[in-house]
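Chemist: data.csv (CSV, C-alpha atoms) pasted underneath:
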chain,number,residue,atom,x,y,z
A,1,MET,CA,-207.8,-116.1,70.3
A,2,ILE,CA,-207.5,-116.3,66.5
A,3,ASP,CA,-209.6,-118.2,64.0
A,4,THR,CA,-206.8,-119.0,61.5
A,5,HIS,CA,-209.2,-120.4,58.8
A,6,THR,CA,-212.7,-119.3,58.3
A,7,HIS,CA,-215.0,-118.7,55.3
A,8,ILE,CA,-217.3,-116.1,56.7
A,9,TYR,CA,-217.5,-114.4,53.4
A,10,GLU,CA,-219.7,-117.2,52.0
A,11,LYS,CA,-223.5,-117.0,51.4
A,12,ALA,CA,-224.2,-118.7,54.7
A,13,PHE,CA,-223.2,-115.5,56.4
A,14,ALA,CA,-224.7,-113.0,54.0
A,15,ASP,CA,-227.5,-111.9,56.3
A,16,ASP,CA,-225.7,-111.6,59.6
A,17,ILE,CA,-222.0,-111.1,59.0
A,18,ASP,CA,-221.7,-108.2,61.4
A,19,SER,CA,-223.4,-110.2,64.2
A,20,VAL,CA,-221.1,-113.1,63.5
A,21,ILE,CA,-218.1,-111.0,63.9
A,22,ASP,CA,-219.5,-109.3,67.1
A,23,ARG,CA,-220.2,-112.7,68.6
A,24,ALA,CA,-216.7,-113.8,67.8
A,25,LYS,CA,-215.3,-110.7,69.6
A,26,GLU,CA,-217.5,-111.3,72.6
A,27,ALA,CA,-216.1,-114.9,72.7
A,28,GLY,CA,-212.6,-113.6,72.7
A,29,VAL,CA,-211.7,-114.2,69.1
A,30,THR,CA,-210.0,-111.0,68.0
A,31,ARG,CA,-208.8,-112.0,64.5
A,32,MET,CA,-210.2,-114.1,61.7
A,33,ILE,CA,-208.2,-115.2,58.7
A,34,LEU,CA,-210.3,-115.7,55.5
A,35,PRO,CA,-208.9,-117.9,52.7
A,36,SER,CA,-210.2,-117.9,49.2
A,37,CYS,CA,-210.7,-121.1,47.2
A,38,ASN,CA,-210.9,-119.8,43.7
A,39,MET,CA,-211.1,-116.6,41.7
A,40,SER,CA,-214.8,-116.2,42.3
A,41,ASP,CA,-214.2,-116.1,46.1
A,42,ALA,CA,-211.4,-113.5,45.9
A,43,PRO,CA,-213.6,-110.4,45.6
A,44,LEU,CA,-215.8,-111.6,48.5
A,45,VAL,CA,-212.7,-112.1,50.7
A,46,ALA,CA,-211.4,-108.7,49.8
A,47,GLU,CA,-214.7,-106.9,50.5
A,48,THR,CA,-215.2,-108.6,53.8
A,49,CYS,CA,-211.7,-107.8,55.0
A,50,ALA,CA,-212.0,-104.2,53.8
A,51,ALA,CA,-215.3,-103.8,55.8
A,52,HIS,CA,-213.7,-105.3,58.9
A,53,PRO,CA,-210.0,-104.3,58.7
A,54,ASP,CA,-209.2,-104.8,62.3
A,55,THR,CA,-210.5,-108.3,62.6
A,56,CYS,CA,-210.6,-109.9,59.1
A,57,PHE,CA,-207.4,-110.8,57.1
A,58,ALA,CA,-207.2,-112.2,53.7
A,59,LEU,CA,-205.5,-115.2,52.1
A,60,TYR,CA,-205.7,-115.9,48.4
A,61,GLY,CA,-205.1,-119.3,46.8
A,62,LEU,CA,-206.6,-122.0,44.5
A,63,HIS,CA,-208.1,-125.0,46.2
A,64,PRO,CA,-207.4,-128.4,44.7
A,65,THR,CA,-211.1,-129.2,44.1
A,66,GLU,CA,-211.8,-125.8,42.6
A,67,MET,CA,-209.4,-126.0,39.6
A,68,GLY,CA,-210.9,-124.9,36.3
A,69,ASP,CA,-209.7,-125.7,32.8
A,70,ASP,CA,-206.5,-123.8,33.2
A,71,PRO,CA,-205.6,-123.9,36.9
A,72,MET,CA,-202.1,-122.5,36.6
A,73,ALA,CA,-203.4,-119.4,34.9
A,74,GLU,CA,-206.1,-119.0,37.7
A,75,ALA,CA,-203.4,-119.4,40.4
A,76,GLU,CA,-201.4,-116.6,38.7
A,77,GLN,CA,-204.6,-114.5,38.4
A,78,LEU,CA,-205.3,-114.9,42.1
A,79,MET,CA,-201.8,-113.6,43.0
A,80,ASP,CA,-202.3,-110.6,40.7
A,81,PHE,CA,-205.6,-109.9,42.4
A,82,ALA,CA,-204.1,-110.3,45.8
A,83,HIS,CA,-201.4,-107.6,45.2
A,84,SER,CA,-203.9,-105.2,43.7
A,85,HIS,CA,-206.8,-105.4,46.3
A,86,GLY,CA,-205.4,-104.3,49.7
A,87,SER,CA,-203.3,-106.2,52.1
A,88,PHE,CA,-203.2,-110.0,52.6
A,89,VAL,CA,-201.3,-112.2,55.1
A,90,GLY,CA,-200.6,-115.3,53.1
A,91,ILE,CA,-201.6,-117.8,50.4
A,92,GLY,CA,-204.5,-120.3,50.8
A,93,GLU,CA,-206.5,-122.3,50.6
A,94,ILE,CA,-204.1,-124.5,48.6
A,95,GLY,CA,-203.3,-128.2,48.7
A,96,LEU,CA,-204.2,-131.7,47.6
A,97,ASP,CA,-207.5,-133.6,47.7
A,98,LEU,CA,-207.8,-137.2,46.5
A,99,HIS,CA,-211.2,-137.8,48.1
A,100,TRP,CA,-213.4,-136.6,45.3
A,101,ASP,CA,-211.3,-136.9,42.2
A,102,LYS,CA,-207.9,-138.7,41.6
A,103,SER,CA,-207.8,-138.1,37.9
A,104,ARG,CA,-206.2,-134.6,38.2
A,105,LYS,CA,-203.6,-135.6,40.8
A,106,ASP,CA,-200.7,-134.5,38.7
A,107,GLU,CA,-202.3,-131.1,38.0
A,108,GLN,CA,-203.0,-130.7,41.7
A,109,VAL,CA,-199.4,-131.3,42.5
A,110,ALA,CA,-198.1,-128.9,39.8
A,111,VAL,CA,-200.4,-126.1,41.0
A,112,LEU,CA,-199.5,-126.7,44.6
A,113,LYS,CA,-195.8,-126.6,43.8
A,114,TRP,CA,-196.3,-123.3,42.0
A,115,GLN,CA,-198.2,-121.8,44.9
A,116,LEU,CA,-195.7,-123.0,47.4
A,117,SER,CA,-192.8,-121.6,45.4
A,118,TYR,CA,-194.6,-118.3,45.1
A,119,ALA,CA,-195.2,-118.2,48.9
A,120,TYR,CA,-191.6,-119.1,49.6
A,121,ASP,CA,-190.2,-116.5,47.1
A,122,HIS,CA,-192.4,-113.8,48.7
A,123,SER,CA,-191.9,-114.9,52.3
A,124,LEU,CA,-195.6,-115.6,52.8
A,125,PRO,CA,-197.2,-118.3,55.0
A,126,VAL,CA,-199.6,-120.8,53.4
A,127,SER,CA,-202.8,-122.6,54.5
A,128,ILE,CA,-202.7,-126.1,53.2
A,129,HIS,CA,-205.7,-128.4,52.6
A,130,CYS,CA,-204.9,-132.1,52.5
A,131,ARG,CA,-207.5,-134.8,52.2
A,132,GLU,CA,-206.6,-138.4,51.8
A,133,ALA,CA,-203.2,-137.3,50.4
A,134,VAL,CA,-200.8,-136.7,53.3
A,135,TRP,CA,-198.4,-139.2,51.7
A,136,LEU,CA,-198.5,-137.2,48.4
A,137,LEU,CA,-198.1,-133.9,50.2
A,138,MET,CA,-194.9,-135.2,52.0
A,139,GLU,CA,-193.7,-136.6,48.6
A,140,THR,CA,-194.3,-133.1,47.1
A,141,PHE,CA,-192.5,-131.4,49.9
A,142,ALA,CA,-189.5,-133.7,49.5
A,143,GLN,CA,-189.3,-133.0,45.8
A,144,MET,CA,-189.1,-129.2,46.5
A,145,GLY,CA,-186.1,-129.5,48.8
A,146,ASN,CA,-185.7,-126.6,51.1
A,147,ARG,CA,-188.2,-124.3,49.3
A,148,ILE,CA,-191.1,-125.0,51.6
A,149,PRO,CA,-192.6,-121.9,53.2
A,150,CYS,CA,-193.9,-121.7,56.7
A,151,GLY,CA,-197.6,-122.4,57.0
A,152,SER,CA,-200.6,-124.3,58.5
A,153,LEU,CA,-201.8,-127.8,57.8
A,154,HIS,CA,-205.5,-126.8,57.8
A,155,CYS,CA,-207.7,-129.3,59.6
A,156,PHE,CA,-204.9,-131.8,59.8
A,157,ALA,CA,-206.3,-135.4,59.6
A,158,GLY,CA,-203.2,-137.4,59.1
A,159,SER,CA,-202.0,-140.2,61.3
A,160,PRO,CA,-199.8,-139.8,64.4
A,161,ASP,CA,-196.8,-141.1,62.5
A,162,GLU,CA,-197.5,-138.7,59.6
A,163,ALA,CA,-197.7,-135.8,62.1
A,164,GLN,CA,-194.5,-136.7,63.8
A,165,THR,CA,-192.7,-137.1,60.4
A,166,ILE,CA,-193.9,-133.7,59.3
A,167,CYS,CA,-192.7,-132.2,62.7
A,168,ARG,CA,-189.3,-133.7,62.2
A,169,LYS,CA,-188.8,-132.8,58.5
A,170,TRP,CA,-190.6,-129.5,58.2
A,171,PRO,CA,-190.5,-127.6,61.4
A,172,GLN,CA,-191.8,-124.4,59.7
A,173,LEU,CA,-195.3,-126.0,59.5
A,174,MET,CA,-198.0,-125.8,62.1
A,175,PHE,CA,-201.1,-127.9,62.7
A,176,GLY,CA,-204.6,-126.4,62.5
A,177,PHE,CA,-207.2,-127.9,64.9
A,178,GLY,CA,-210.9,-127.3,64.3
A,179,GLY,CA,-214.3,-128.7,65.1
A,180,SER,CA,-213.4,-132.3,64.2
A,181,SER,CA,-211.2,-132.4,67.3
A,182,THR,CA,-214.4,-132.3,69.4
A,183,TYR,CA,-216.2,-135.2,67.6
A,184,LYS,CA,-216.9,-138.4,69.5
A,185,ASN,CA,-214.3,-141.1,68.8
A,186,SER,CA,-212.2,-138.6,66.9
A,187,LYS,CA,-208.5,-139.0,67.3
A,188,VAL,CA,-207.7,-135.6,65.9
A,189,ALA,CA,-207.3,-133.9,69.3
A,190,HIS,CA,-204.7,-136.5,70.3
A,191,ILE,CA,-202.4,-135.2,67.6
A,192,ALA,CA,-202.0,-132.0,69.7
A,193,THR,CA,-200.3,-134.1,72.4
A,194,LEU,CA,-197.8,-135.5,69.9
A,195,VAL,CA,-196.5,-132.2,68.3
A,196,PRO,CA,-194.6,-129.4,69.9
A,197,LYS,CA,-196.8,-126.8,71.7
A,198,ASP,CA,-195.4,-124.1,69.5
A,199,ARG,CA,-196.9,-125.8,66.4
A,200,ILE,CA,-200.6,-125.8,67.3
A,201,ILE,CA,-203.2,-123.3,66.1
A,202,THR,CA,-207.0,-123.1,66.1
A,203,GLU,CA,-209.5,-122.7,63.3
A,204,THR,CA,-213.2,-123.2,62.5
A,205,ASP,CA,-213.4,-123.7,58.7
A,206,ALA,CA,-216.8,-122.0,59.2
A,207,PRO,CA,-219.5,-122.6,58.1
A,208,TYR,CA,-218.2,-126.2,58.0
A,209,LEU,CA,-217.0,-128.7,60.6
A,210,THR,CA,-219.1,-127.3,63.5
A,211,PRO,CA,-217.9,-128.4,66.9
A,212,VAL,CA,-219.9,-130.3,69.5
A,213,PRO,CA,-222.5,-129.3,70.9
A,214,PHE,CA,-223.5,-127.4,67.8
A,215,ARG,CA,-222.7,-130.0,65.2
A,216,GLY,CA,-225.2,-130.0,62.4
A,217,LYS,CA,-225.7,-126.3,62.5
A,218,ARG,CA,-223.7,-123.5,60.9
A,219,ASN,CA,-220.2,-123.1,62.3
A,220,GLU,CA,-218.8,-119.7,63.2
A,221,PRO,CA,-215.7,-118.1,64.7
A,222,ALA,CA,-217.3,-117.6,68.1
A,223,TYR,CA,-216.9,-121.4,68.6
A,224,ILE,CA,-213.1,-121.3,68.8
A,225,PRO,CA,-213.3,-121.5,72.7
A,226,LEU,CA,-215.0,-124.9,72.3
A,227,ILE,CA,-212.0,-126.2,70.3
A,228,VAL,CA,-209.6,-124.6,72.8
A,229,ALA,CA,-211.4,-126.4,75.6
A,230,ARG,CA,-211.1,-129.8,73.8
A,231,LEU,CA,-207.4,-129.4,73.1
A,232,ALA,CA,-206.8,-128.3,76.7
A,233,GLU,CA,-208.6,-131.4,78.0
A,234,GLU,CA,-206.5,-133.7,75.7
A,235,MET,CA,-203.3,-131.9,76.6
A,236,GLN,CA,-204.1,-131.7,80.3
A,237,LEU,CA,-203.5,-128.0,80.4
A,238,PRO,CA,-205.7,-125.0,81.5
A,239,ALA,CA,-207.8,-123.7,78.7
A,240,GLU,CA,-206.3,-120.2,79.3
A,241,GLU,CA,-202.9,-121.5,78.6
A,242,VAL,CA,-203.9,-123.3,75.4
A,243,ALA,CA,-205.8,-120.1,74.3
A,244,GLN,CA,-202.6,-118.1,74.8
A,245,LEU,CA,-200.2,-120.5,73.2
A,246,THR,CA,-202.4,-121.0,70.1
A,247,THR,CA,-202.8,-117.2,69.8
A,248,ASP,CA,-199.1,-116.7,70.1
A,249,ASN,CA,-198.4,-119.3,67.5
A,250,ALA,CA,-200.9,-117.8,65.0
A,251,MET,CA,-199.5,-114.4,65.5
A,252,ARG,CA,-196.0,-115.6,64.8
A,253,LEU,CA,-197.1,-117.4,61.7
A,254,PHE,CA,-199.5,-114.9,60.1
A,255,PHE,CA,-198.4,-111.6,61.7
A,256,PRO,CA,-194.7,-112.0,62.3
A,257,ASN,CA,-194.1,-108.2,62.4
A,258,GLU,CA,-196.4,-107.9,65.4
A,259,SER,CA,-195.4,-111.0,67.4
Taking this structure as input, can you express it in the form of structure tokens?
Modeler:
Amino acid sequence: MIDTHTHIYEKAFADDIDSVIDRAKEAGVTRMILPSCNMSDAPLVAETCAAHPDTCFALYGLHPTEMGDDPMAEAEQLMDFAHSHGSFVGIGEIGLDLHWDKSRKDEQVAVLKWQLSYAYDHSLPVSIHCREAVWLLMETFAQMGNRIPCGSLHCFAGSPDEAQTICRKWPQLMFGFGGSSTYKNSKVAHIATLVPKDRIITETDAPYLTPVPFRGKRNEPAYIPLIVARLAEEMQLPAEEVAQLTTDNAMRLFFPNES
């Protein structure tokens, strides 16, 4: 299995990162993809991936809620850093977020467009954060025509109609399912029954969004099997089959030369 979006380079893991990775491997999670959110994160991502080159793989990108005074310059700086600090497998965490602050909507869109274009021009996948802005994300995609790279809609929380529209219009995008799919009364897992099986991948967003029964505690990649089990229940498939198909999908998206 693959955790396609995890922040195990953060302070929450400073004291036991090796144990966290060992537990993940014991649980069957063989690869973890680490997205940055800003320039401050980037060295931590690079260091973690360098220390665990067989299991940890870097993404670099500017998160919409982490924009400084000159976000376009920071996005460019992140790409310069990416190309000069070892290998990386994509661009992220990028996207749109209108939950906390709507005042910088236009700046968020501009920076997202730049990062999407960069990914497209360099044939790199993206990991897209979108909170309370799926309509704006689809509008942004439409404005960019056919220049949308392949990628993951990280912790997708849109409606069934939005998911199906995205499936129809942008077949190069996959849907990331994490701990929120296990929450009581959550409708997230149901989305997995509405999109093609080759568009589903798993993630933790650790240390956030911890799945049941560990909700309220620190999340970690070893909990991917709990997410797989919930998706399998919703999709009425064996967990082993869901584990295999989500792994195959993640490999195709982030490691195309190996799949």
Chemist: Using only C-alpha atoms, find all polymer residues with an atom at most 12 Å away from the point (-203.8, -108.4, 69.1); report them as a VMD selection string.
Modeler: chain A and resid 1 to 2 25 28 to 32 54 to 55 244 247 to 248 250 to 252 254 to 259
Chemist: Within 8 Å of Pro225 in chain A, counting all atoms listed in the file, which residues qualify if same-chain residues fewer than 3 places away don't, as an MDAnalysis selection string?
Modeler: chainID A and resid 27:28 222 228:229 243
Chemist: Counting all atoms listed in the file, which residues sit no farther than 12 Å from the position (-191.9, -117.4, 43.8) in the file's frame? I'd like them as number ranges by chain.
Modeler: A: 76, 79, 91, 113-124, 147-149
Chemist: Report the distance between CA of Thr4 in chain A and CA of Ile33 in chain A in Å, rounded to one decimal place.
Modeler: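 We find that CA of Thr4 in chain A and CA of Ile33 in chain A lie 4.9 Å from each other.
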Chemist: Using only C-alpha atoms, determine which residues lie at most 12 Å from range 235-239 of chain A, disregarding the query and same-chain residues fewer than 2 positions distant; provide the list as a PyMOL selection string.
Modeler: chain A and resi 1+189-197+200+224-233+241-246
Chemist: Mind giving me the straight-line distance from CA of Met72 in chain A to CA of Trp135 in chain A in Å, one decimal?
Modeler: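 These atoms are spaced 22.8 Å apart.
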